[in-house]
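So the structure is just underneath, and the comments pick up after that.
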Amino acid sequence: MMSKALVAYFSASGVTKKAAQALVETIGGDLYEIIPEVLYSEADLDWRNENSRSSLEMKDKSSRPAIVKTDANVKDYDVIFVGFPIWWYIAPTIINTFLESYDFSGKTIILFATAGSSGFGKTVDNLKGSVCDTAVIKEGIRITSKQSPADIAKWAKGLKL
Ligand SMILES: Cc1cc2nc3c(=O)[nH]c(=O)nc-3n(C[C@H](O)[C@H](O)[C@H](O)COP(=O)(O)O)c2cc1C
């Protein structure tokens with residue numbers, strides 16, 4: 001039997017959003033969007049510009065972009081999927097903001113990510129400090145631009161939750 005799952009995601013340009021939707025369609029559970037207080041503009045996302053908002057945030061490991069305060073009710077779920085685009089080889093720091101906004105003690109967090117080509121890299125290490133010791137963070141699946149939401153669905157079908 002599957003435990004009750006929350007699928008939380010941040011998506012700046014819609015790719016991770018489609019992956020999150022495919023995940024919920026496959027495993028059930030509830031979808032929750034992590035929304036930045038200030039949305040990312042195209043200029044903010046320009047990784048070629050070392051002074052763009054995303055470049056500055058990702059260079060500063062202590063940056064914590066504010067999120068819209070709604071309640072994800074994390075306490076009601078056993079498993080929380082957290083999805084995001086890979087930025088500079090790891091999760092965007094807004095994911096640290098999200099993890100630090102709730103109590104994940106005793107919870108299992110399964111990461112899913114979309115990227116041009118990079119893997120999870122040191123993503124887990126960079127997120128561990130944002131949850132308490134009793135929370136477990138696992139690498140789930142990372143899909144590249146050559147894959148589709150169907151690949152997420154296929155992976156999710158094989159999960160024993
Ligand atoms: C600021 C920024 C940094 C990125 N860094 C990487 C990276 O290090 N490796 C990679 O493969 N893709 C990188 N990408 C590409 C995104 O991970 C990819 O396009 C992702 O699917 C976008 O998801 P979204 O539409 O949900 O925001 C980066 C994109 C942005 C905007």
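Lettering and numbering for the structure tokens are positional, with chains as A, B, ... in the shown order, residues counted from 1 in each chain, and ligands counted from 1 in the shown order.
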Trp88 in chain A environment, 12 Å, only C-alpha atoms, sequence neighbours closer than 4 positions dropped, as a PDB file with all heavy atoms, in the first residue's frame:
ATOM      1  N   LEU A  45      16.872  34.551 -14.762  1.00  0.00           N
ATOM      2  CA  LEU A  45      17.284  33.158 -15.001  1.00  0.00           C
ATOM      3  C   LEU A  45      18.503  33.042 -15.911  1.00  0.00           C
ATOM      4  O   LEU A  45      18.950  31.938 -16.216  1.00  0.00           O
ATOM      5  CB  LEU A  45      16.110  32.377 -15.622  1.00  0.00           C
ATOM      6  CG  LEU A  45      14.858  32.256 -14.747  1.00  0.00           C
ATOM      7  CD1 LEU A  45      13.714  31.629 -15.538  1.00  0.00           C
ATOM      8  CD2 LEU A  45      15.148  31.442 -13.491  1.00  0.00           C
ATOM      9  N   ASP A  46      19.050  34.180 -16.325  1.00  0.00           N
ATOM     10  CA  ASP A  46      20.166  34.156 -17.284  1.00  0.00           C
ATOM     11  C   ASP A  46      21.464  33.688 -16.617  1.00  0.00           C
ATOM     12  O   ASP A  46      22.134  34.448 -15.922  1.00  0.00           O
ATOM     13  CB  ASP A  46      20.339  35.559 -17.888  1.00  0.00           C
ATOM     14  CG  ASP A  46      21.377  35.575 -18.993  1.00  0.00           C
ATOM     15  OD1 ASP A  46      21.996  34.504 -19.268  1.00  0.00           O
ATOM     16  OD2 ASP A  46      21.589  36.647 -19.577  1.00  0.00           O
ATOM     17  N   TRP A  47      21.803  32.420 -16.863  1.00  0.00           N
ATOM     18  CA  TRP A  47      22.999  31.867 -16.207  1.00  0.00           C
ATOM     19  C   TRP A  47      24.286  32.370 -16.857  1.00  0.00           C
ATOM     20  O   TRP A  47      25.358  32.219 -16.309  1.00  0.00           O
ATOM     21  CB  TRP A  47      22.961  30.340 -16.181  1.00  0.00           C
ATOM     22  CG  TRP A  47      23.004  29.704 -17.535  1.00  0.00           C
ATOM     23  CD1 TRP A  47      24.102  29.437 -18.293  1.00  0.00           C
ATOM     24  CD2 TRP A  47      21.885  29.260 -18.298  1.00  0.00           C
ATOM     25  NE1 TRP A  47      23.736  28.854 -19.480  1.00  0.00           N
ATOM     26  CE2 TRP A  47      22.380  28.727 -19.517  1.00  0.00           C
ATOM     27  CE3 TRP A  47      20.497  29.238 -18.073  1.00  0.00           C
ATOM     28  CZ2 TRP A  47      21.540  28.205 -20.501  1.00  0.00           C
ATOM     29  CZ3 TRP A  47      19.680  28.710 -19.053  1.00  0.00           C
ATOM     30  CH2 TRP A  47      20.190  28.201 -20.237  1.00  0.00           C
ATOM     31  N   ARG A  48      24.149  32.974 -18.056  1.00  0.00           N
ATOM     32  CA  ARG A  48      25.359  33.507 -18.705  1.00  0.00           C
ATOM     33  C   ARG A  48      25.779  34.832 -18.081  1.00  0.00           C
ATOM     34  O   ARG A  48      26.901  35.275 -18.245  1.00  0.00           O
ATOM     35  CB  ARG A  48      25.113  33.704 -20.194  1.00  0.00           C
ATOM     36  CG  ARG A  48      24.879  32.397 -20.930  1.00  0.00           C
ATOM     37  CD  ARG A  48      24.522  32.670 -22.387  1.00  0.00           C
ATOM     38  NE  ARG A  48      23.914  31.501 -22.990  1.00  0.00           N
ATOM     39  CZ  ARG A  48      22.614  31.258 -22.981  1.00  0.00           C
ATOM     40  NH1 ARG A  48      21.768  32.114 -22.418  1.00  0.00           N
ATOM     41  NH2 ARG A  48      22.133  30.163 -23.534  1.00  0.00           N
ATOM     42  N   GLU A  50      26.747  36.729 -14.919  1.00  0.00           N
ATOM     43  CA  GLU A  50      27.166  36.390 -13.547  1.00  0.00           C
ATOM     44  C   GLU A  50      26.535  37.284 -12.489  1.00  0.00           C
ATOM     45  O   GLU A  50      26.625  36.992 -11.294  1.00  0.00           O
ATOM     46  CB  GLU A  50      28.691  36.399 -13.423  1.00  0.00           C
ATOM     47  CG  GLU A  50      29.334  37.735 -13.736  1.00  0.00           C
ATOM     48  CD  GLU A  50      30.855  37.702 -13.588  1.00  0.00           C
ATOM     49  OE1 GLU A  50      31.438  36.618 -13.816  1.00  0.00           O
ATOM     50  OE2 GLU A  50      31.427  38.748 -13.246  1.00  0.00           O
ATOM     51  N   SER A  54      19.619  34.731 -10.413  1.00  0.00           N
ATOM     52  CA  SER A  54      19.896  33.315 -10.139  1.00  0.00           C
ATOM     53  C   SER A  54      21.393  33.087  -9.924  1.00  0.00           C
ATOM     54  O   SER A  54      21.782  32.305  -9.041  1.00  0.00           O
ATOM     55  CB  SER A  54      19.360  32.425 -11.262  1.00  0.00           C
ATOM     56  OG  SER A  54      19.900  32.810 -12.516  1.00  0.00           O
ATOM     57  N   SER A  55      22.236  33.776 -10.694  1.00  0.00           N
ATOM     58  CA  SER A  55      23.689  33.609 -10.513  1.00  0.00           C
ATOM     59  C   SER A  55      24.102  34.072  -9.119  1.00  0.00           C
ATOM     60  O   SER A  55      24.866  33.383  -8.423  1.00  0.00           O
ATOM     61  CB  SER A  55      24.467  34.408 -11.563  1.00  0.00           C
ATOM     62  OG  SER A  55      24.218  33.914 -12.847  1.00  0.00           O
ATOM     63  N   LEU A  56      23.589  35.218  -8.710  1.00  0.00           N
ATOM     64  CA  LEU A  56      23.974  35.756  -7.388  1.00  0.00           C
ATOM     65  C   LEU A  56      23.473  34.848  -6.270  1.00  0.00           C
ATOM     66  O   LEU A  56      24.204  34.550  -5.319  1.00  0.00           O
ATOM     67  CB  LEU A  56      23.421  37.182  -7.212  1.00  0.00           C
ATOM     68  CG  LEU A  56      23.998  38.230  -8.169  1.00  0.00           C
ATOM     69  CD1 LEU A  56      23.291  39.572  -8.000  1.00  0.00           C
ATOM     70  CD2 LEU A  56      25.516  38.387  -7.963  1.00  0.00           C
ATOM     71  N   GLU A  57      22.238  34.373  -6.407  1.00  0.00           N
ATOM     72  CA  GLU A  57      21.693  33.483  -5.367  1.00  0.00           C
ATOM     73  C   GLU A  57      22.497  32.194  -5.270  1.00  0.00           C
ATOM     74  O   GLU A  57      22.793  31.712  -4.178  1.00  0.00           O
ATOM     75  CB  GLU A  57      20.233  33.139  -5.683  1.00  0.00           C
ATOM     76  CG  GLU A  57      19.263  34.272  -5.416  1.00  0.00           C
ATOM     77  CD  GLU A  57      17.827  33.939  -5.832  1.00  0.00           C
ATOM     78  OE1 GLU A  57      17.583  32.825  -6.364  1.00  0.00           O
ATOM     79  OE2 GLU A  57      16.955  34.803  -5.636  1.00  0.00           O
ATOM     80  N   MET A  58      22.849  31.630  -6.422  1.00  0.00           N
ATOM     81  CA  MET A  58      23.526  30.344  -6.397  1.00  0.00           C
ATOM     82  C   MET A  58      24.988  30.456  -5.969  1.00  0.00           C
ATOM     83  O   MET A  58      25.597  29.484  -5.525  1.00  0.00           O
ATOM     84  CB  MET A  58      23.390  29.641  -7.762  1.00  0.00           C
ATOM     85  CG  MET A  58      21.956  29.290  -8.126  1.00  0.00           C
ATOM     86  SD  MET A  58      21.039  28.411  -6.831  1.00  0.00           S
ATOM     87  CE  MET A  58      21.840  26.811  -6.883  1.00  0.00           C
ATOM     88  N   LYS A  59      25.544  31.658  -6.094  1.00  0.00           N
ATOM     89  CA  LYS A  59      26.928  31.867  -5.608  1.00  0.00           C
ATOM     90  C   LYS A  59      26.943  32.022  -4.096  1.00  0.00           C
ATOM     91  O   LYS A  59      27.975  31.853  -3.455  1.00  0.00           O
ATOM     92  CB  LYS A  59      27.512  33.130  -6.256  1.00  0.00           C
ATOM     93  CG  LYS A  59      28.224  32.836  -7.566  1.00  0.00           C
ATOM     94  CD  LYS A  59      28.957  34.045  -8.077  1.00  0.00           C
ATOM     95  CE  LYS A  59      28.070  34.845  -8.999  1.00  0.00           C
ATOM     96  NZ  LYS A  59      28.728  35.915  -9.738  1.00  0.00           N
ATOM     97  N   ASP A  60      25.799  32.398  -3.526  1.00  0.00           N
ATOM     98  CA  ASP A  60      25.700  32.637  -2.087  1.00  0.00           C
ATOM     99  C   ASP A  60      24.897  31.502  -1.447  1.00  0.00           C
ATOM    100  O   ASP A  60      23.675  31.500  -1.457  1.00  0.00           O
ATOM    101  CB  ASP A  60      25.003  33.979  -1.846  1.00  0.00           C
ATOM    102  CG  ASP A  60      24.762  34.236  -0.371  1.00  0.00           C
ATOM    103  OD1 ASP A  60      25.261  33.457   0.472  1.00  0.00           O
ATOM    104  OD2 ASP A  60      24.053  35.207  -0.061  1.00  0.00           O
ATOM    105  N   LYS A  61      25.615  30.527  -0.876  1.00  0.00           N
ATOM    106  CA  LYS A  61      24.944  29.337  -0.333  1.00  0.00           C
ATOM    107  C   LYS A  61      23.965  29.680   0.794  1.00  0.00           C
ATOM    108  O   LYS A  61      23.128  28.863   1.173  1.00  0.00           O
ATOM    109  CB  LYS A  61      25.980  28.332   0.163  1.00  0.00           C
ATOM    110  CG  LYS A  61      26.680  27.599  -0.965  1.00  0.00           C
ATOM    111  CD  LYS A  61      27.050  26.202  -0.519  1.00  0.00           C
ATOM    112  CE  LYS A  61      27.657  25.307  -1.581  1.00  0.00           C
ATOM    113  NZ  LYS A  61      27.799  25.797  -2.920  1.00  0.00           N
ATOM    114  N   PRO A  92      18.079  24.771  -6.566  1.00  0.00           N
ATOM    115  CA  PRO A  92      18.015  26.214  -6.311  1.00  0.00           C
ATOM    116  C   PRO A  92      17.851  26.460  -4.805  1.00  0.00           C
ATOM    117  O   PRO A  92      17.212  25.664  -4.106  1.00  0.00           O
ATOM    118  CB  PRO A  92      16.743  26.651  -7.052  1.00  0.00           C
ATOM    119  CG  PRO A  92      16.439  25.560  -8.030  1.00  0.00           C
ATOM    120  CD  PRO A  92      17.000  24.304  -7.449  1.00  0.00           C
ATOM    121  N   THR A  93      18.412  27.554  -4.303  1.00  0.00           N
ATOM    122  CA  THR A  93      18.370  27.786  -2.843  1.00  0.00           C
ATOM    123  C   THR A  93      16.952  28.021  -2.325  1.00  0.00           C
ATOM    124  O   THR A  93      16.722  27.939  -1.118  1.00  0.00           O
ATOM    125  CB  THR A  93      19.298  28.949  -2.428  1.00  0.00           C
ATOM    126  OG1 THR A  93      18.995  30.098  -3.240  1.00  0.00           O
ATOM    127  CG2 THR A  93      20.758  28.575  -2.590  1.00  0.00           C
ATOM    128  N   ALA A 115      16.805  18.805 -15.667  1.00  0.00           N
ATOM    129  CA  ALA A 115      18.053  19.505 -15.981  1.00  0.00           C
ATOM    130  C   ALA A 115      18.355  19.379 -17.462  1.00  0.00           C
ATOM    131  O   ALA A 115      17.812  18.489 -18.137  1.00  0.00           O
ATOM    132  CB  ALA A 115      19.204  18.900 -15.180  1.00  0.00           C
ATOM    133  N   GLY A 116      19.214  20.263 -17.949  1.00  0.00           N
ATOM    134  CA  GLY A 116      19.683  20.137 -19.323  1.00  0.00           C
ATOM    135  C   GLY A 116      20.444  18.836 -19.479  1.00  0.00           C
ATOM    136  O   GLY A 116      20.135  18.011 -20.339  1.00  0.00           O
ATOM    137  N   SER A 117      21.413  18.638 -18.606  1.00  0.00           N
ATOM    138  CA  SER A 117      22.212  17.412 -18.692  1.00  0.00           C
ATOM    139  C   SER A 117      22.810  16.971 -17.359  1.00  0.00           C
ATOM    140  O   SER A 117      23.161  15.809 -17.204  1.00  0.00           O
ATOM    141  CB  SER A 117      23.365  17.620 -19.690  1.00  0.00           C
ATOM    142  OG  SER A 117      24.147  18.725 -19.266  1.00  0.00           O
ATOM    143  N   SER A 118      22.914  17.880 -16.390  1.00  0.00           N
ATOM    144  CA  SER A 118      23.575  17.529 -15.124  1.00  0.00           C
ATOM    145  C   SER A 118      22.771  16.524 -14.308  1.00  0.00           C
ATOM    146  O   SER A 118      21.548  16.464 -14.419  1.00  0.00           O
ATOM    147  CB  SER A 118      23.761  18.773 -14.259  1.00  0.00           C
ATOM    148  OG  SER A 118      24.520  19.734 -14.918  1.00  0.00           O
ATOM    149  N   GLY A 119      23.493  15.811 -13.442  1.00  0.00           N
ATOM    150  CA  GLY A 119      22.846  14.920 -12.485  1.00  0.00           C
ATOM    151  C   GLY A 119      22.586  15.660 -11.180  1.00  0.00           C
ATOM    152  O   GLY A 119      22.682  16.890 -11.132  1.00  0.00           O
ATOM    153  N   PHE A 120      22.306  14.897 -10.107  1.00  0.00           N
ATOM    154  CA  PHE A 120      22.040  15.525  -8.804  1.00  0.00           C
ATOM    155  C   PHE A 120      23.297  16.148  -8.189  1.00  0.00           C
ATOM    156  O   PHE A 120      23.202  17.039  -7.364  1.00  0.00           O
ATOM    157  CB  PHE A 120      21.474  14.498  -7.820  1.00  0.00           C
ATOM    158  CG  PHE A 120      19.996  14.255  -7.968  1.00  0.00           C
ATOM    159  CD1 PHE A 120      19.519  13.056  -8.483  1.00  0.00           C
ATOM    160  CD2 PHE A 120      19.080  15.215  -7.570  1.00  0.00           C
ATOM    161  CE1 PHE A 120      18.145  12.825  -8.605  1.00  0.00           C
ATOM    162  CE2 PHE A 120      17.719  15.002  -7.691  1.00  0.00           C
ATOM    163  CZ  PHE A 120      17.245  13.798  -8.211  1.00  0.00           C
ATOM    164  N   GLY A 121      24.470  15.635  -8.593  1.00  0.00           N
ATOM    165  CA  GLY A 121      25.703  16.187  -8.033  1.00  0.00           C
ATOM    166  C   GLY A 121      25.671  16.193  -6.508  1.00  0.00           C
ATOM    167  O   GLY A 121      25.347  15.185  -5.889  1.00  0.00           O
ATOM    168  N   LYS A 122      25.980  17.346  -5.917  1.00  0.00           N
ATOM    169  CA  LYS A 122      26.018  17.449  -4.448  1.00  0.00           C
ATOM    170  C   LYS A 122      24.699  17.973  -3.886  1.00  0.00           C
ATOM    171  O   LYS A 122      24.651  18.537  -2.786  1.00  0.00           O
ATOM    172  CB  LYS A 122      27.157  18.378  -4.040  1.00  0.00           C
ATOM    173  CG  LYS A 122      28.539  17.831  -4.350  1.00  0.00           C
ATOM    174  CD  LYS A 122      29.585  18.757  -3.745  1.00  0.00           C
ATOM    175  CE  LYS A 122      31.004  18.272  -3.810  1.00  0.00           C
ATOM    176  NZ  LYS A 122      31.396  17.271  -4.749  1.00  0.00           N
ATOM    177  N   THR A 123      23.622  17.785  -4.638  1.00  0.00           N
ATOM    178  CA  THR A 123      22.313  18.314  -4.214  1.00  0.00           C
ATOM    179  C   THR A 123      21.946  17.874  -2.795  1.00  0.00           C
ATOM    180  O   THR A 123      21.572  18.704  -1.965  1.00  0.00           O
ATOM    181  CB  THR A 123      21.217  17.846  -5.207  1.00  0.00           C
ATOM    182  OG1 THR A 123      21.504  18.413  -6.479  1.00  0.00           O
ATOM    183  CG2 THR A 123      19.845  18.299  -4.756  1.00  0.00           C
TER     184      THR A 123
END
Handout entry: Secondary structure check, strand (DSSP E) residues of chain A, as a VMD selection string
Key = chain A and resid 5 to 9 30 to 33 79 to 85 108 to 115 136 to 144
Practice task
Would you return as a list in words the members of range 33-96 of chain A that DSSP assigns to alpha helix (DSSP H) on this structure's backbone?
Solution key: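 Here are the alpha helix (DSSP H) residues of range 33-96 of chain A: Arg53, Ser54, Ser55, Leu56, Glu57, Met58, Lys59, Thr93, Ile94, Ile95 and Asn96 of chain A.
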Kindly save the residues from that selection, with N, CA, C and O atoms included, as a PDB file, in the first residue's frame.
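What landed in result_14.pdb:
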ATOM      1  N   ARG A  53      20.017  37.518 -11.063  1.00  0.00           N
ATOM      2  CA  ARG A  53      19.511  37.090  -9.747  1.00  0.00           C
ATOM      3  C   ARG A  53      19.860  35.628  -9.442  1.00  0.00           C
ATOM      4  O   ARG A  53      20.361  35.308  -8.349  1.00  0.00           O
ATOM      5  N   SER A  54      19.619  34.731 -10.413  1.00  0.00           N
ATOM      6  CA  SER A  54      19.896  33.315 -10.139  1.00  0.00           C
ATOM      7  C   SER A  54      21.393  33.087  -9.924  1.00  0.00           C
ATOM      8  O   SER A  54      21.782  32.305  -9.041  1.00  0.00           O
ATOM      9  N   SER A  55      22.236  33.776 -10.694  1.00  0.00           N
ATOM     10  CA  SER A  55      23.689  33.609 -10.513  1.00  0.00           C
ATOM     11  C   SER A  55      24.102  34.072  -9.119  1.00  0.00           C
ATOM     12  O   SER A  55      24.866  33.383  -8.423  1.00  0.00           O
ATOM     13  N   LEU A  56      23.589  35.218  -8.710  1.00  0.00           N
ATOM     14  CA  LEU A  56      23.974  35.756  -7.388  1.00  0.00           C
ATOM     15  C   LEU A  56      23.473  34.848  -6.270  1.00  0.00           C
ATOM     16  O   LEU A  56      24.204  34.550  -5.319  1.00  0.00           O
ATOM     17  N   GLU A  57      22.238  34.373  -6.407  1.00  0.00           N
ATOM     18  CA  GLU A  57      21.693  33.483  -5.367  1.00  0.00           C
ATOM     19  C   GLU A  57      22.497  32.194  -5.270  1.00  0.00           C
ATOM     20  O   GLU A  57      22.793  31.712  -4.178  1.00  0.00           O
ATOM     21  N   MET A  58      22.849  31.630  -6.422  1.00  0.00           N
ATOM     22  CA  MET A  58      23.526  30.344  -6.397  1.00  0.00           C
ATOM     23  C   MET A  58      24.988  30.456  -5.969  1.00  0.00           C
ATOM     24  O   MET A  58      25.597  29.484  -5.525  1.00  0.00           O
ATOM     25  N   LYS A  59      25.544  31.658  -6.094  1.00  0.00           N
ATOM     26  CA  LYS A  59      26.928  31.867  -5.608  1.00  0.00           C
ATOM     27  C   LYS A  59      26.943  32.022  -4.096  1.00  0.00           C
ATOM     28  O   LYS A  59      27.975  31.853  -3.455  1.00  0.00           O
ATOM     29  N   THR A  93      18.412  27.554  -4.303  1.00  0.00           N
ATOM     30  CA  THR A  93      18.370  27.786  -2.843  1.00  0.00           C
ATOM     31  C   THR A  93      16.952  28.021  -2.325  1.00  0.00           C
ATOM     32  O   THR A  93      16.722  27.939  -1.118  1.00  0.00           O
ATOM     33  N   ILE A  94      16.005  28.251  -3.220  1.00  0.00           N
ATOM     34  CA  ILE A  94      14.611  28.364  -2.770  1.00  0.00           C
ATOM     35  C   ILE A  94      14.137  27.017  -2.194  1.00  0.00           C
ATOM     36  O   ILE A  94      13.214  26.973  -1.372  1.00  0.00           O
ATOM     37  N   ILE A  95      14.775  25.931  -2.589  1.00  0.00           N
ATOM     38  CA  ILE A  95      14.427  24.623  -2.010  1.00  0.00           C
ATOM     39  C   ILE A  95      14.900  24.567  -0.551  1.00  0.00           C
ATOM     40  O   ILE A  95      14.220  24.015   0.314  1.00  0.00           O
ATOM     41  N   ASN A  96      16.044  25.185  -0.262  1.00  0.00           N
ATOM     42  CA  ASN A  96      16.470  25.289   1.141  1.00  0.00           C
ATOM     43  C   ASN A  96      15.441  26.094   1.931  1.00  0.00           C
ATOM     44  O   ASN A  96      15.090  25.747   3.060  1.00  0.00           O
TER      45      ASN A  96
END
Problem - Spatial neighbours of range 73-75 of chain A, 12 Å, only C-alpha atoms, chain gap at least 5 places, as an MDAnalysis selection string - result: chainID A and resid 4:8 30:32 80:82 98:109
For those residues, write N, CA and C atoms to a file as a PDB file, in the first residue's frame.
ATOM      1  N   LYS A   4       0.582   8.106   2.066  1.00  0.00           N
ATOM      2  CA  LYS A   4       0.086   9.354   1.509  1.00  0.00           C
ATOM      3  C   LYS A   4       1.265  10.248   1.128  1.00  0.00           C
ATOM      4  N   ALA A   5       1.261  10.739  -0.097  1.00  0.00           N
ATOM      5  CA  ALA A   5       2.401  11.522  -0.564  1.00  0.00           C
ATOM      6  C   ALA A   5       2.022  12.964  -0.891  1.00  0.00           C
ATOM      7  N   LEU A   6       2.965  13.833  -0.632  1.00  0.00           N
ATOM      8  CA  LEU A   6       2.861  15.219  -1.077  1.00  0.00           C
ATOM      9  C   LEU A   6       3.900  15.395  -2.173  1.00  0.00           C
ATOM     10  N   VAL A   7       3.502  16.032  -3.252  1.00  0.00           N
ATOM     11  CA  VAL A   7       4.450  16.322  -4.335  1.00  0.00           C
ATOM     12  C   VAL A   7       4.616  17.841  -4.402  1.00  0.00           C
ATOM     13  N   ALA A   8       5.703  18.318  -3.813  1.00  0.00           N
ATOM     14  CA  ALA A   8       5.983  19.759  -3.788  1.00  0.00           C
ATOM     15  C   ALA A   8       7.023  20.059  -4.857  1.00  0.00           C
ATOM     16  N   ASP A  30      -1.002  14.703  -3.287  1.00  0.00           N
ATOM     17  CA  ASP A  30      -1.377  16.102  -3.491  1.00  0.00           C
ATOM     18  C   ASP A  30      -0.218  16.900  -4.078  1.00  0.00           C
ATOM     19  N   LEU A  31      -0.589  17.816  -4.971  1.00  0.00           N
ATOM     20  CA  LEU A  31       0.397  18.656  -5.648  1.00  0.00           C
ATOM     21  C   LEU A  31       0.506  19.995  -4.918  1.00  0.00           C
ATOM     22  N   TYR A  32       1.722  20.444  -4.716  1.00  0.00           N
ATOM     23  CA  TYR A  32       1.924  21.721  -4.029  1.00  0.00           C
ATOM     24  C   TYR A  32       3.026  22.506  -4.731  1.00  0.00           C
ATOM     25  N   ILE A  80       7.349  12.936   1.210  1.00  0.00           N
ATOM     26  CA  ILE A  80       7.241  14.223   0.517  1.00  0.00           C
ATOM     27  C   ILE A  80       8.219  14.210  -0.657  1.00  0.00           C
ATOM     28  N   PHE A  81       7.672  14.282  -1.845  1.00  0.00           N
ATOM     29  CA  PHE A  81       8.509  14.434  -3.035  1.00  0.00           C
ATOM     30  C   PHE A  81       8.802  15.918  -3.188  1.00  0.00           C
ATOM     31  N   VAL A  82      10.048  16.247  -3.493  1.00  0.00           N
ATOM     32  CA  VAL A  82      10.407  17.654  -3.699  1.00  0.00           C
ATOM     33  C   VAL A  82      11.101  17.758  -5.059  1.00  0.00           C
ATOM     34  N   PHE A  98      12.272  26.346   1.358  1.00  0.00           N
ATOM     35  CA  PHE A  98      11.096  25.491   1.569  1.00  0.00           C
ATOM     36  C   PHE A  98      11.347  24.487   2.694  1.00  0.00           C
ATOM     37  N   LEU A  99      12.490  23.803   2.645  1.00  0.00           N
ATOM     38  CA  LEU A  99      12.768  22.775   3.659  1.00  0.00           C
ATOM     39  C   LEU A  99      12.877  23.392   5.053  1.00  0.00           C
ATOM     40  N   GLU A 100      13.398  24.614   5.122  1.00  0.00           N
ATOM     41  CA  GLU A 100      13.553  25.279   6.429  1.00  0.00           C
ATOM     42  C   GLU A 100      12.246  25.887   6.939  1.00  0.00           C
ATOM     43  N   SER A 101      11.216  25.867   6.109  1.00  0.00           N
ATOM     44  CA  SER A 101       9.939  26.476   6.496  1.00  0.00           C
ATOM     45  C   SER A 101       9.001  25.499   7.205  1.00  0.00           C
ATOM     46  N   TYR A 102       9.354  24.216   7.218  1.00  0.00           N
ATOM     47  CA  TYR A 102       8.474  23.197   7.791  1.00  0.00           C
ATOM     48  C   TYR A 102       9.280  22.240   8.654  1.00  0.00           C
ATOM     49  N   ASP A 103       8.537  21.465   9.440  1.00  0.00           N
ATOM     50  CA  ASP A 103       9.172  20.459  10.287  1.00  0.00           C
ATOM     51  C   ASP A 103       9.114  19.099   9.574  1.00  0.00           C
ATOM     52  N   PHE A 104      10.264  18.624   9.141  1.00  0.00           N
ATOM     53  CA  PHE A 104      10.324  17.357   8.406  1.00  0.00           C
ATOM     54  C   PHE A 104      10.799  16.193   9.291  1.00  0.00           C
ATOM     55  N   SER A 105      10.728  16.342  10.594  1.00  0.00           N
ATOM     56  CA  SER A 105      11.245  15.264  11.447  1.00  0.00           C
ATOM     57  C   SER A 105      10.491  13.962  11.171  1.00  0.00           C
ATOM     58  N   GLY A 106      11.271  12.898  10.996  1.00  0.00           N
ATOM     59  CA  GLY A 106      10.704  11.568  10.763  1.00  0.00           C
ATOM     60  C   GLY A 106      10.168  11.354   9.355  1.00  0.00           C
ATOM     61  N   LYS A 107      10.297  12.339   8.502  1.00  0.00           N
ATOM     62  CA  LYS A 107       9.730  12.223   7.149  1.00  0.00           C
ATOM     63  C   LYS A 107      10.772  11.704   6.155  1.00  0.00           C
ATOM     64  N   THR A 108      10.267  11.123   5.076  1.00  0.00           N
ATOM     65  CA  THR A 108      11.133  10.736   3.962  1.00  0.00           C
ATOM     66  C   THR A 108      10.907  11.722   2.821  1.00  0.00           C
ATOM     67  N   ILE A 109      11.994  12.307   2.384  1.00  0.00           N
ATOM     68  CA  ILE A 109      11.931  13.281   1.293  1.00  0.00           C
ATOM     69  C   ILE A 109      12.589  12.648   0.074  1.00  0.00           C
TER      70      ILE A 109
END
Handout entry: Separation of CA of Glu25 in chain A from CA of Val131 in chain A in Å
Key = 27.4 Å
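You can rank A:Thr134, A:Thr97, A:Ser52, A:Ser13 by their closest distance to ligand 1 using only C-alpha atoms and all ligand atoms, and at the top of that list sits A:Ser13.
For the residues A:Thr70, A:Ser41, A:Ser11, A:Ser63, ranking by smallest atom-to-atom distance to ligand 1 using only C-alpha atoms and all ligand atoms places A:Ser11 first.
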Practice task
Quick one: pull the distance between CA of Ala91 in chain A and CA of Cys132 in chain A, Å, one decimal.
Solution key: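 Atom-to-atom, CA of Ala91 in chain A to CA of Cys132 in chain A, that is 18.0 Å.
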